[in-house]
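Everything below belongs to structure-v6.txt, which stores compact mmCIF, C-alpha atoms.
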```txt
# COMPACT_ATOMS: atom_id res chain seq x y z
CA MET A 496 0.00 0.00 0.00
CA ALA A 497 2.78 2.43 0.99
CA ALA A 498 4.74 1.52 -2.17
CA ILE A 499 1.69 2.08 -4.40
CA ARG A 500 1.05 5.42 -2.72
CA ARG A 501 4.67 6.50 -3.21
CA GLU A 502 4.65 5.45 -6.88
CA ALA A 503 1.30 7.16 -7.51
CA ILE A 504 2.51 10.44 -5.97
CA GLY A 505 5.70 10.22 -8.04
CA HIS A 506 3.78 9.43 -11.22
CA TYR A 507 1.26 12.26 -10.99
CA SER A 508 3.43 15.05 -9.58
CA ALA A 509 4.89 17.62 -11.94
CA PRO A 510 7.75 17.59 -12.81
CA ARG A 511 8.07 13.86 -12.15
CA TRP A 512 11.84 13.94 -11.61
CA MET A 513 11.26 16.16 -8.57
CA ALA A 514 9.37 13.34 -6.83
CA HIS A 515 12.21 10.96 -7.68
CA TRP A 516 14.76 13.41 -6.27
CA ALA A 517 12.65 14.30 -3.23
CA ASN A 518 13.18 10.83 -1.79
CA LYS A 519 16.93 11.02 -1.99
CA PRO A 520 18.76 12.16 1.18
CA ARG A 521 21.04 14.44 -0.83
CA PHE A 522 18.04 16.31 -2.20
CA LEU A 523 16.55 16.75 1.24
CA THR A 524 19.78 18.43 2.31
CA LEU A 525 19.44 20.71 -0.73
CA VAL A 526 15.78 21.45 0.09
CA LEU A 527 16.86 22.49 3.60
CA LEU A 528 19.89 24.44 2.36
CA PHE A 529 17.91 26.38 -0.23
CA PRO A 530 15.60 28.17 2.26
CA CYS A 531 18.62 28.82 4.50
CA LEU A 532 20.31 30.65 1.62
CA LEU A 533 17.07 32.37 0.59
CA LEU A 534 16.30 33.55 4.13
CA SER A 535 19.89 34.71 4.67
CA LEU A 536 19.73 36.68 1.43
CA ALA A 537 16.35 38.15 2.43
CA ALA A 538 17.70 39.21 5.83
CA TRP A 539 20.69 40.79 4.08
CA VAL A 540 18.62 42.86 1.62
CA ARG A 541 15.83 43.68 4.09
CA GLY A 542 17.20 47.11 5.05
CA PRO A 543 17.63 48.50 1.49
CA LEU A 544 14.30 46.91 0.48
CA GLU A 545 12.46 48.53 3.40
CA ARG A 546 13.95 51.91 2.54
CA MET A 547 13.01 51.46 -1.11
CA LEU A 548 9.43 50.34 -0.45
CA GLY A 549 8.85 52.57 2.57
CA ALA A 550 7.88 51.22 5.99
CA SER A 551 4.20 51.27 6.77
CA TYR A 552 2.19 50.31 9.79
CA SER A 553 -1.42 50.03 10.76
CA PRO A 554 -2.26 51.84 14.04
CA ASN A 555 -4.64 49.11 15.19
CA ARG A 556 -2.72 46.04 14.06
CA ILE A 557 0.52 45.84 16.00
CA ILE A 558 2.40 43.03 14.35
CA ILE A 559 5.88 42.77 15.77
CA SER A 560 8.16 40.47 13.83
CA TYR A 561 9.58 37.58 15.80
CA TRP A 562 12.91 38.61 14.33
CA SER A 563 13.19 42.14 12.93
CA GLN A 564 15.67 40.85 10.33
CA LEU A 565 12.86 38.72 8.83
CA PRO A 566 9.66 40.76 9.20
CA GLN A 567 6.26 39.32 8.33
CA TRP A 568 5.97 41.12 4.97
CA LEU A 569 9.30 39.68 3.84
CA LEU A 570 8.31 36.14 4.87
CA VAL A 571 5.02 36.48 2.99
CA ALA A 572 6.95 37.71 -0.06
CA ILE A 573 9.23 34.65 0.13
CA PHE A 574 6.62 31.99 0.89
CA ALA A 575 3.68 33.22 -1.23
CA PRO A 576 5.23 32.50 -4.69
CA PHE A 577 6.17 28.99 -3.60
CA VAL A 578 2.71 28.31 -2.13
CA LEU A 579 1.14 29.47 -5.42
CA LEU A 580 3.55 27.28 -7.40
CA GLU A 581 2.67 24.29 -5.19
CA ALA A 582 -1.05 24.97 -5.79
CA VAL A 583 -0.48 24.86 -9.58
CA ILE A 584 1.59 21.64 -9.29
CA ILE A 585 -1.11 20.02 -7.15
CA ALA A 586 -3.82 21.09 -9.62
CA ILE A 587 -1.83 19.48 -12.49
CA GLY A 588 -1.34 16.29 -10.46
CA VAL A 589 -5.00 16.05 -9.45
CA THR A 590 -6.15 16.61 -13.07
CA ARG A 591 -3.78 13.90 -14.34
CA PHE A 592 -4.96 11.53 -11.61
CA TRP A 593 -8.66 12.20 -12.27
CA LEU A 594 -8.25 11.67 -16.04
CA ASP A 595 -6.37 8.40 -15.47
CA LEU A 596 -9.05 7.18 -13.05
CA LYS A 597 -11.64 7.92 -15.72
CA ALA A 598 -9.64 6.24 -18.49
CA CYS A 599 -9.16 3.05 -16.45
CA ASP A 600 -12.74 2.84 -15.22
CA HIS A 601 -14.64 0.69 -17.71
CA GLU A 602 -17.38 -0.60 -15.44
CA ASP A 603 -20.84 0.89 -15.56
CA THR A 604 -22.63 1.92 -12.41
CA PRO A 605 -26.38 2.48 -12.15
CA ALA A 606 -27.20 6.19 -12.23
CA GLU A 607 -28.80 6.06 -8.77
CA SER A 608 -25.45 5.06 -7.20
CA ARG A 609 -23.70 8.09 -8.65
CA LEU A 610 -23.43 11.47 -6.91
CA SER A 611 -22.91 14.99 -8.21
CA ILE A 612 -19.45 16.53 -7.72
CA GLY A 613 -20.71 18.72 -4.87
CA ALA A 614 -22.37 15.79 -3.07
CA SER A 615 -19.26 13.63 -3.68
CA ILE A 616 -16.99 16.27 -2.12
CA ARG A 617 -19.33 16.55 0.88
CA SER A 618 -19.44 12.77 1.29
CA ALA A 619 -15.63 12.46 0.99
CA LEU A 620 -15.14 15.28 3.52
CA ARG A 621 -17.48 13.52 5.95
CA SER A 622 -15.47 10.31 5.50
CA ILE A 623 -12.18 12.15 6.11
CA ILE A 624 -13.47 13.95 9.20
CA LEU A 625 -14.90 10.73 10.65
CA HIS A 626 -11.91 8.67 9.49
CA ASP A 627 -14.38 5.82 8.85
CA LYS A 628 -12.41 4.28 5.95
CA PHE A 629 -9.20 4.35 8.02
CA SER A 630 -10.90 2.64 10.96
CA LYS A 631 -12.02 -0.19 8.66
CA CYS A 632 -8.41 -0.98 7.73
CA THR A 633 -7.31 -3.66 10.19
CA ALA A 634 -3.61 -3.51 9.23
CA GLU A 635 -3.33 0.21 10.02
CA ARG A 636 -5.79 0.33 12.90
CA SER A 637 -3.12 1.03 15.50
CA ARG A 638 -2.26 4.23 13.63
CA LEU A 639 -5.83 5.54 13.60
CA ASN A 640 -5.50 7.94 16.54
CA SER A 641 -1.99 9.07 15.55
CA HIS A 642 -3.32 9.85 12.07
CA ARG A 643 -6.25 11.77 13.53
CA LEU A 644 -3.94 13.77 15.79
CA VAL A 645 -1.66 14.75 12.90
CA LEU A 646 -4.51 15.60 10.50
CA PHE A 647 -6.57 17.64 12.96
CA GLY A 648 -3.44 19.21 14.42
CA PHE A 649 -2.37 20.47 11.00
CA ALA A 650 -5.94 21.75 10.41
CA GLY A 651 -5.74 23.75 13.67
CA LEU A 652 -2.31 25.16 12.79
CA LEU A 653 -3.55 26.15 9.32
CA VAL A 654 -6.52 28.01 10.84
CA VAL A 655 -4.25 29.96 13.25
CA ASP A 656 -1.78 30.75 10.45
CA LEU A 657 -4.57 32.09 8.25
CA TRP A 658 -5.91 34.19 11.13
CA VAL A 659 -2.50 35.78 11.74
CA LEU A 660 -1.68 36.25 8.04
CA THR A 661 -5.00 37.99 7.33
CA ALA A 662 -4.94 40.03 10.58
CA ARG A 663 -4.08 43.27 8.76
CA PHE A 664 -7.31 43.06 6.75
CA ASN A 665 -9.60 41.09 9.06
CA PRO A 666 -12.85 43.04 9.61
CA LEU A 667 -13.62 40.91 12.69
CA LEU A 668 -10.73 42.52 14.55
CA ARG A 669 -12.56 45.50 15.97
CA ASP A 670 -9.81 46.46 18.42
CA VAL A 671 -6.10 45.96 18.41
CA PHE A 672 -4.28 42.84 17.27
CA VAL A 673 -0.88 42.32 18.82
CA TYR A 674 1.48 39.68 17.46
CA PRO A 675 3.31 37.62 18.84
CA LEU A 676 0.20 36.32 20.58
CA SER A 677 -0.02 36.11 24.33
CA PHE A 678 0.10 32.63 25.88
CA TRP A 679 -3.52 33.02 27.04
CA SER A 680 -4.86 34.30 23.72
CA PRO A 681 -7.50 31.81 22.45
CA TRP A 682 -5.61 31.65 19.14
CA LYS A 683 -2.35 30.85 20.90
CA ILE A 684 -4.09 28.18 22.96
CA LEU A 685 -5.44 26.64 19.71
CA ALA A 686 -1.95 26.80 18.15
CA ASN A 687 -0.40 25.12 21.20
CA VAL A 688 -3.06 22.39 21.38
CA ALA A 689 -2.80 21.77 17.60
CA GLY A 690 1.01 21.76 17.71
CA ALA A 691 0.97 19.31 20.63
CA ALA A 692 -1.45 17.09 18.68
CA VAL A 693 0.88 16.99 15.64
CA LEU A 694 3.93 16.37 17.84
CA ILE A 695 2.22 13.55 19.80
CA GLY A 696 0.85 12.04 16.57
CA CYS A 697 4.25 12.16 14.84
CA THR A 698 6.03 10.76 17.91
CA ARG A 699 3.55 7.88 18.10
CA MET A 700 3.98 7.18 14.38
CA ILE A 701 7.78 7.29 14.65
CA SER A 702 7.86 4.98 17.68
CA ASP A 703 5.35 2.67 15.99
CA ARG A 704 7.53 2.44 12.88
CA MET A 705 10.69 1.95 14.92
CA ALA A 706 9.05 -0.83 16.92
CA ARG A 707 7.93 -2.52 13.72
CA SER A 708 11.33 -2.18 12.07
CA ARG A 709 12.92 -3.83 15.10
CA GLY A 710 10.21 -6.48 14.96
CA THR A 711 9.21 -5.87 18.56
CA ASP A 712 5.58 -5.33 17.72
CA ARG A 713 4.18 -8.78 18.47
CA SER A 714 0.73 -7.84 17.29
CA ASN A 715 1.99 -7.59 13.73
CA ARG A 716 3.92 -10.49 12.28
CA THR A 717 4.63 -8.69 9.00
CA SER A 718 6.54 -6.05 10.95
CA SER A 719 9.30 -5.16 8.48
CA LEU A 720 6.76 -4.41 5.76
CA PHE A 721 5.33 -1.60 7.87
CA ALA A 722 8.60 -0.08 9.00
CA GLY A 723 8.26 2.51 6.27
CA THR A 724 10.58 3.89 3.65
CA ARG A 725 12.54 7.10 3.34
CA PHE A 726 9.41 8.49 1.69
CA ASP A 727 7.48 8.10 4.97
CA TRP A 728 10.36 9.14 7.20
CA THR A 729 11.03 12.37 5.29
CA PHE A 730 7.51 13.66 5.86
CA LEU A 731 7.33 12.46 9.45
CA GLY A 732 10.71 13.94 10.29
CA LEU A 733 9.98 17.30 8.66
CA ALA A 734 6.54 17.61 10.28
CA ALA A 735 7.92 16.75 13.72
CA ALA A 736 10.91 19.09 13.23
CA ALA A 737 8.70 22.00 12.12
CA VAL A 738 6.44 21.68 15.18
CA PHE A 739 9.30 20.99 17.59
CA THR A 740 11.24 24.08 16.45
CA GLY A 741 7.97 26.06 16.57
CA PHE A 742 7.58 25.19 20.25
CA GLY A 743 11.28 25.98 20.71
CA CYS A 744 10.69 29.48 19.28
CA GLU A 745 7.73 30.02 21.61
CA PHE A 746 9.54 28.98 24.78
CA LEU A 747 12.68 30.93 23.88
CA HIS A 748 10.49 33.98 23.19
CA TYR A 749 9.04 33.77 26.71
CA ALA A 750 12.51 33.24 28.16
CA ARG A 751 14.00 36.04 25.97
CA VAL A 752 17.04 33.95 25.06
CA ASP A 753 18.11 36.27 22.32
CA PRO A 754 20.66 34.83 19.92
CA LEU A 755 19.38 31.26 20.32
CA ARG A 756 15.73 32.06 19.65
CA TYR A 757 16.65 33.64 16.31
CA ALA A 758 18.67 30.56 15.35
CA ILE A 759 15.78 28.23 16.23
CA TYR A 760 13.36 30.52 14.36
CA PHE A 761 15.62 30.34 11.30
CA ILE A 762 15.63 26.52 11.46
CA HIS A 763 11.86 26.54 11.99
CA LEU A 764 11.33 28.65 8.86
CA ALA A 765 13.66 26.39 6.85
CA THR A 766 11.78 23.21 7.89
CA VAL A 767 8.38 24.81 7.20
CA PHE A 768 9.68 25.86 3.77
CA ALA A 769 10.89 22.32 3.06
CA LEU A 770 7.52 20.94 4.16
CA VAL A 771 5.70 23.36 1.82
CA VAL A 772 8.04 22.81 -1.14
CA LEU A 773 7.93 19.03 -0.80
CA LEU A 774 4.14 18.94 -0.33
CA PRO A 775 3.32 17.64 -3.85
CA TYR A 776 6.23 15.13 -3.80
CA SER A 777 6.26 13.86 -0.24
CA LYS A 778 3.83 11.74 1.72
CA PHE A 779 1.98 14.97 2.52
CA ALA A 780 0.50 14.70 -1.02
CA HIS A 781 -1.45 11.54 -0.11
CA MET A 782 -3.88 13.91 1.61
CA ILE A 783 -4.70 15.41 -1.82
CA TYR A 784 -4.66 12.21 -3.91
CA ARG A 785 -6.55 10.11 -1.38
CA ALA A 786 -9.24 12.80 -1.11
CA THR A 787 -9.45 12.96 -4.95
CA ALA A 788 -9.84 9.17 -5.16
CA MET A 789 -12.59 9.27 -2.53
CA VAL A 790 -14.46 12.02 -4.42
CA TYR A 791 -14.10 10.02 -7.66
CA ALA A 792 -15.41 6.84 -6.02
CA GLU A 793 -18.46 8.71 -4.72
CA HIS A 794 -19.00 10.56 -8.00
CA THR A 795 -18.97 7.41 -10.16
CA GLY A 796 -20.55 5.10 -7.60
CA ARG A 797 -17.37 3.01 -7.68
CA HIS A 798 -17.44 2.37 -3.92
CA THR A 799 -20.81 0.60 -4.27
CA ARG A 800 -19.27 -1.89 -6.72
CA ARG A 801 -16.44 -2.76 -4.34
CA SER A 802 -18.56 -3.23 -1.24
CA PRO A 803 -21.93 -4.69 -2.18
CA MET B 1343 -21.17 1.42 9.15
CA THR B 1344 -18.61 2.72 11.63
CA SER B 1345 -19.52 6.39 11.12
CA ASN B 1346 -23.10 5.74 12.23
CA ARG B 1347 -21.93 4.91 15.75
CA PRO B 1348 -22.21 7.92 18.10
CA GLN B 1349 -18.59 7.58 19.27
CA ALA B 1350 -17.39 8.08 15.67
CA TRP B 1351 -18.54 11.69 16.01
CA LEU B 1352 -16.64 12.23 19.27
CA TRP B 1353 -13.32 13.14 17.62
CA PRO B 1354 -14.81 15.57 15.05
CA LEU B 1355 -16.97 17.09 17.79
CA VAL B 1356 -14.05 17.71 20.16
CA VAL B 1357 -11.83 18.97 17.31
CA GLY B 1358 -14.64 21.21 16.02
CA VAL B 1359 -15.16 22.76 19.46
CA ILE B 1360 -11.41 23.34 19.91
CA ILE B 1361 -10.95 24.90 16.45
CA LEU B 1362 -14.14 26.99 16.52
CA SER B 1363 -13.78 28.37 20.06
CA PRO B 1364 -11.24 31.11 19.10
CA PHE B 1365 -13.62 32.13 16.29
CA ALA B 1366 -16.51 32.25 18.76
CA TYR B 1367 -14.36 34.33 21.13
CA SER B 1368 -13.35 36.73 18.33
CA VAL B 1369 -16.91 37.11 17.01
CA GLY B 1370 -18.22 37.61 20.57
CA ARG B 1371 -15.55 40.22 21.26
CA PHE B 1372 -16.32 41.95 17.95
CA THR B 1373 -20.04 42.07 18.81
CA TRP B 1374 -19.33 43.31 22.34
CA LEU B 1375 -16.95 46.03 21.17
CA SER B 1376 -19.31 47.09 18.37
CA ARG B 1377 -21.81 48.17 21.03
CA SER B 1378 -19.37 50.43 22.82
CA ARG B 1379 -17.20 53.29 21.62
CA PRO B 1380 -13.75 51.87 20.78
CA LYS B 1381 -11.01 52.98 23.17
CA PRO B 1382 -7.45 53.52 21.96
CA PHE B 1383 -5.23 50.55 22.78
CA LEU B 1384 -2.15 52.67 23.35
CA GLN B 1385 -2.03 55.99 25.13
CA VAL B 1386 -1.45 58.66 22.50
CA SER B 1387 1.37 61.08 22.93
CA SER B 1388 0.52 63.68 25.56
CA SER B 1389 3.04 66.12 24.14
CA SER B 1390 2.13 68.72 21.56
CA SER B 1391 4.70 67.11 19.29
CA THR B 1392 3.80 64.24 16.97
CA ARG B 1393 7.38 63.23 16.29
CA CYS B 1394 9.21 60.44 18.03
CA VAL B 1395 12.99 60.12 18.29
CA ARG B 1396 12.86 57.67 15.39
CA ASP B 1397 10.34 56.61 12.79
CA ILE B 1398 7.24 55.13 14.49
CA ALA B 1399 7.25 51.87 12.50
CA TRP B 1400 10.97 51.44 13.27
CA MET B 1401 10.38 52.20 16.95
CA ARG B 1402 7.63 49.58 17.18
CA GLN B 1403 9.98 46.89 15.97
CA ASN B 1404 13.32 48.06 17.30
CA HIS B 1405 12.92 50.32 20.35
CA ARG B 1406 14.69 47.76 22.51
CA LEU B 1407 17.70 47.82 20.16
CA LEU B 1408 17.88 51.59 20.57
CA LEU B 1409 17.70 51.21 24.37
CA PHE B 1410 20.41 48.52 24.28
CA GLU B 1411 22.62 50.82 22.20
CA LEU B 1412 22.09 53.71 24.63
CA ARG B 1413 22.71 51.41 27.61
CA ASP B 1414 26.00 50.14 26.15
CA LYS B 1415 27.16 53.66 25.34
CA ALA B 1416 26.35 54.90 28.84
CA ALA B 1417 27.70 51.88 30.74
CA ARG B 1418 30.82 51.12 28.69
CA GLU B 1419 31.80 54.42 27.13
CA GLY B 1420 30.32 56.86 29.61
CA ILE B 1421 28.44 58.68 26.85
CA ARG B 1422 24.99 59.67 28.00
CA ASN B 1423 22.59 60.51 25.21
CA GLU B 1424 19.67 62.90 25.53
CA ILE B 1425 17.34 59.95 24.89
CA THR B 1426 16.59 58.04 28.08
CA LEU B 1427 13.70 56.07 29.51
CA SER B 1428 12.76 59.24 31.36
CA SER B 1429 12.64 61.22 28.14
CA CYS B 1430 10.30 58.58 26.65
CA SER B 1431 7.94 59.28 29.52
CA GLN B 1432 7.65 62.92 28.50
CA CYS B 1433 5.28 61.91 25.71
CA HIS B 1434 4.18 58.48 26.92
CA LYS B 1435 3.43 59.40 30.48
CA ASP B 1436 1.80 56.25 31.78
CA LYS B 1437 3.90 53.09 31.46
CA THR B 1438 0.90 50.89 32.19
CA GLN B 1439 -1.01 52.49 29.31
CA PHE B 1440 1.85 52.38 26.85
CA CYS B 1441 4.82 50.03 27.40
CA ASP B 1442 2.93 47.40 29.37
CA LYS B 1443 0.03 47.17 26.93
CA CYS B 1444 2.08 45.62 24.10
CA HIS B 1445 4.50 43.82 26.40
CA ASN B 1446 1.65 42.05 28.17
CA ALA B 1447 -0.24 41.31 24.94
CA ALA B 1448 2.85 39.76 23.36
CA ASN B 1449 4.02 37.99 26.53
CA VAL B 1450 7.24 39.99 26.69
CA HIS B 1451 8.70 40.71 30.10
CA PRO B 1452 11.74 42.98 29.71
CA ASP B 1453 13.94 43.33 32.76
CA CYS B 1454 14.69 47.05 32.11
CA PHE B 1455 12.19 48.20 34.71
CA ASP B 1456 13.64 45.92 37.40
CA CYS B 1457 16.31 48.59 37.93
CA HIS B 1458 15.18 51.64 35.98
CA SER B 1459 12.17 53.65 36.97
CA TYR B 1460 9.91 55.17 34.37
CA SER B 1461 9.55 58.70 35.57
CA LYS B 1462 8.79 62.04 33.98
CA SER B 1463 11.88 63.86 32.77
CA SER B 1464 12.55 67.52 33.36
CA GLN B 1465 14.33 67.83 30.02
CA PRO B 1466 12.71 70.01 27.41
CA VAL B 1467 10.84 68.15 24.70
CA ALA B 1468 12.99 69.71 21.98
CA LEU B 1469 15.97 67.66 23.18
CA LEU B 1470 14.17 64.47 22.35
CA TYR B 1471 14.52 64.92 18.63
CA GLY B 1472 17.43 62.83 17.52
CA LYS B 1473 18.14 61.69 14.02
CA PRO B 1474 15.01 61.34 11.88
```
As a first step, turn the structure in this file into structure tokens.
Amino acid sequence: MAAIRREAIGHYSAPRWMAHWANKPRFLTLVLLFPCLLLSLAAWVRGPLERMLGASYSPNRIIISYWSQLPQWLLVAIFAPFVLLEAVIIAIGVTRFWLDLKACDHEDTPAESRLSIGASIRSALRSIILHDKFSKCTAERSRLNSHRLVLFGFAGLLVVDLWVLTARFNPLLRDVFVYPLSFWSPWKILANVAGAAVLIGCTRMISDRMARSRGTDRSNRTSSLFAGTRFDWTFLGLAAAAVFTGFGCEFLHYARVDPLRYAIYFIHLATVFALVVLLPYSKFAHMIYRATAMVYAEHTGRHTRRSP
Amino acid sequence: MTSNRPQAWLWPLVVGVIILSPFAYSVGRFTWLSRSRPKPFLQVSSSSSTRCVRDIAWMRQNHRLLLFELRDKAAREGIRNEITLSSCSQCHKDKTQFCDKCHNAANVHPDCFDCHSYSKSSQPVALLYGKP
């Protein structure tokens, strides 16, 4: 299953050689080095750029950069083009995947078993939120809660990120918005709970895989098959590193440990960048392709053929 | 089917409550504040001047760097600049309504005020204008 998933992601991603490279350790080093160089360059040109563009501030939205060398506007300018590029790459991959599913699907399904695209998306979303397909899989059942923790944790972190990124324009912010958020801010509490969920989920997945690779998991006799490949480890490692360094930044901010907190923040940004750039080529992409397959199955009534 | 069991909804329910509660708080706060006249978050300058010793946007981000620089000059080189914590208080009279507001909101606890008091300076305001 893991091998099919890896091959499918590699086959449908664009360009395909990137997926092949993404699973090589040397490339991972490059993916981590690239943002380090990019961020260093950005910090270097920040001053002249700020003078050229003119500093601006909103009186009601006090957004203090975690590190004044890498202010929020500069990070948005660096990350936004890559996020847009990833969105295009994912759209190409999903289109290719959908067309291939259609081309390979020769069986007819009665019209009453089929759903409209909107209804299929709703049904697939319900399945993802409830994790009902995952809980049916007996081989992966032990990973059910870890998977839930990582998925919902990332959802929480995405919501907080969007709230902070749109703070300058958010009409719901009637009074002042100060960033970095206070520890007792409801948004910070959500970020901490979501981050803890991802970290616990990733730790459980890592320990589960390590136990299986050592063959100590007596409940599963086919242990080595589930130990995972570099493909799995890359995503797990990057996700855990991004959240771990994120917590590091938070605690060092409270403790005001000055040079170290900037270093950890730099590493945090580099790991988040790697996670974003590798999204269409890493295991992260299974979230997109699996959801597409579920929508397709609902849309064509394929799932009714498989489970009468 | 598994999803029809009530406990299958427990996870989404708990996650939904956790994710939506900050939204509920923000919407509630928005509604509450919409009823009353908004109060300024920071105390505006009480001086007749509208200029700070540096650009306001720069000061918001870097005022601590300026204070560090002044501290080092005073402590190591014996050079005392006209800009001091006391001169800040000429315009921003109430520390609790100015410094503390952002520091508390951003969970920042500088140790400057452990030793230095934030009192009103007797220096004329004109001396506060440093480099633009």
May I have a table of the residues of chain B lying at most 10 Å from chain A, giving each one's closest pair of atoms and their distance in Å to one decimal, counting only C-alpha atoms, ordered by chain and ascending residue number, as a Markdown table?
```
| residue | atom | partner | partner_atom | distance |
| --- | --- | --- | --- | --- |
| B:Met1343 | CA | A:Asp627 | CA | 8.1 |
| B:Thr1344 | CA | A:Asp627 | CA | 5.9 |
| B:Ser1345 | CA | A:Asp627 | CA | 5.6 |
| B:Asn1346 | CA | A:Asp627 | CA | 9.4 |
| B:Gln1349 | CA | A:Leu625 | CA | 9.9 |
| B:Ala1350 | CA | A:Leu625 | CA | 6.2 |
| B:Trp1351 | CA | A:Leu625 | CA | 6.5 |
| B:Leu1352 | CA | A:Leu625 | CA | 8.9 |
| B:Trp1353 | CA | A:Leu625 | CA | 7.5 |
| B:Pro1354 | CA | A:Ile624 | CA | 6.2 |
| B:Leu1355 | CA | A:Leu625 | CA | 9.8 |
| B:Val1357 | CA | A:Phe647 | CA | 7.0 |
| B:Gly1358 | CA | A:Phe647 | CA | 9.3 |
| B:Ile1360 | CA | A:Leu685 | CA | 6.8 |
| B:Ile1361 | CA | A:Gly651 | CA | 6.0 |
| B:Leu1362 | CA | A:Leu685 | CA | 9.3 |
| B:Ser1363 | CA | A:Pro681 | CA | 7.5 |
| B:Pro1364 | CA | A:Pro681 | CA | 5.1 |
| B:Phe1365 | CA | A:Trp682 | CA | 8.5 |
| B:Ala1366 | CA | A:Pro681 | CA | 9.7 |
| B:Tyr1367 | CA | A:Pro681 | CA | 7.4 |
| B:Ser1368 | CA | A:Leu667 | CA | 7.0 |
| B:Val1369 | CA | A:Leu667 | CA | 6.6 |
| B:Gly1370 | CA | A:Leu667 | CA | 9.7 |
| B:Arg1371 | CA | A:Arg669 | CA | 8.1 |
| B:Phe1372 | CA | A:Arg669 | CA | 5.5 |
| B:Thr1373 | CA | A:Arg669 | CA | 8.7 |
| B:Trp1374 | CA | A:Arg669 | CA | 9.6 |
| B:Leu1375 | CA | A:Arg669 | CA | 6.8 |
| B:Ser1376 | CA | A:Arg669 | CA | 7.3 |
| B:Pro1380 | CA | A:Asp670 | CA | 7.1 |
| B:Lys1381 | CA | A:Asp670 | CA | 8.2 |
| B:Pro1382 | CA | A:Asp670 | CA | 8.2 |
| B:Phe1383 | CA | A:Val671 | CA | 6.4 |
| B:Leu1384 | CA | A:Val671 | CA | 9.2 |
| B:Asp1397 | CA | A:Ala550 | CA | 9.0 |
| B:Ile1398 | CA | A:Tyr552 | CA | 8.4 |
| B:Ala1399 | CA | A:Tyr552 | CA | 5.9 |
| B:Trp1400 | CA | A:Ala550 | CA | 7.9 |
| B:Arg1402 | CA | A:Ile559 | CA | 7.2 |
| B:Gln1403 | CA | A:Ile559 | CA | 5.8 |
| B:Asn1404 | CA | A:Ser563 | CA | 7.4 |
| B:Lys1443 | CA | A:Val673 | CA | 9.5 |
| B:Cys1444 | CA | A:Val673 | CA | 6.9 |
| B:His1445 | CA | A:Ser677 | CA | 9.2 |
| B:Asn1446 | CA | A:Ser677 | CA | 7.3 |
| B:Ala1447 | CA | A:Ser677 | CA | 5.2 |
| B:Ala1448 | CA | A:Ser677 | CA | 4.7 |
| B:Asn1449 | CA | A:Ser677 | CA | 5.0 |
| B:Val1450 | CA | A:Tyr749 | CA | 6.5 |
| B:His1451 | CA | A:Tyr749 | CA | 7.7 |
| B:Pro1452 | CA | A:Arg751 | CA | 8.2 |
| B:Asp1453 | CA | A:Arg751 | CA | 10.0 |
```
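Computed from the coordinates, the atom CA of B:Gln1385 to atom CA of B:Lys1437 distance equals 9.1 Å.
Using all atoms listed in the file, the residues found no farther than 7 Å from A:Phe730, other than those of its own chain fewer than 6 positions away, are Ser777, Lys778 and Phe779 of chain A.
Rounded to one decimal, atom CA of A:Asn665 and atom CA of B:Thr1438 lie 27.2 Å from each other.
Of the residues listed (A:Ala614, A:Ile499, A:Ala582, A:Leu657), A:Ala614 shows the shortest atom-to-atom separation from A:Ala792; distances use all atoms listed in the file.
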Quiz item: How far is it from atom CA of A:Arg617 to atom CA of A:Glu502, in Å with one decimal?
Solution: 27.5 Å
Quiz prompt | Exercise: stretch 780-786 of chain A partners within 8 Å, only C-alpha atoms, chain neighbours under 3 positions left out, as a PyMOL selection string | solution = chain A and resi 500+504+585+589+592+619-620+623+774-777+789-790
Output as AutoDock Vina command-line options the centre and edge lengths (Å, one decimal) of the box along x, y and z of the file that holds every listed atom of stretch 1391-1410 of chain B after adding 8 Å on each side.
```
--center_x 12.1 --center_y 57.0 --center_z 18.4 --size_x 32.6 --size_y 36.2 --size_z 27.9
```
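For the set A:Asn687, A:Glu602, A:Ile584, A:Gly613, the residue with the smallest atom-to-atom gap to A:Met513 is A:Ile584, counting only C-alpha atoms.
Using only C-alpha atoms, the shortest contact distance between A:Leu569 and any of A:Leu544, A:Val659, A:Leu747, A:Met700 is found at A:Leu544.
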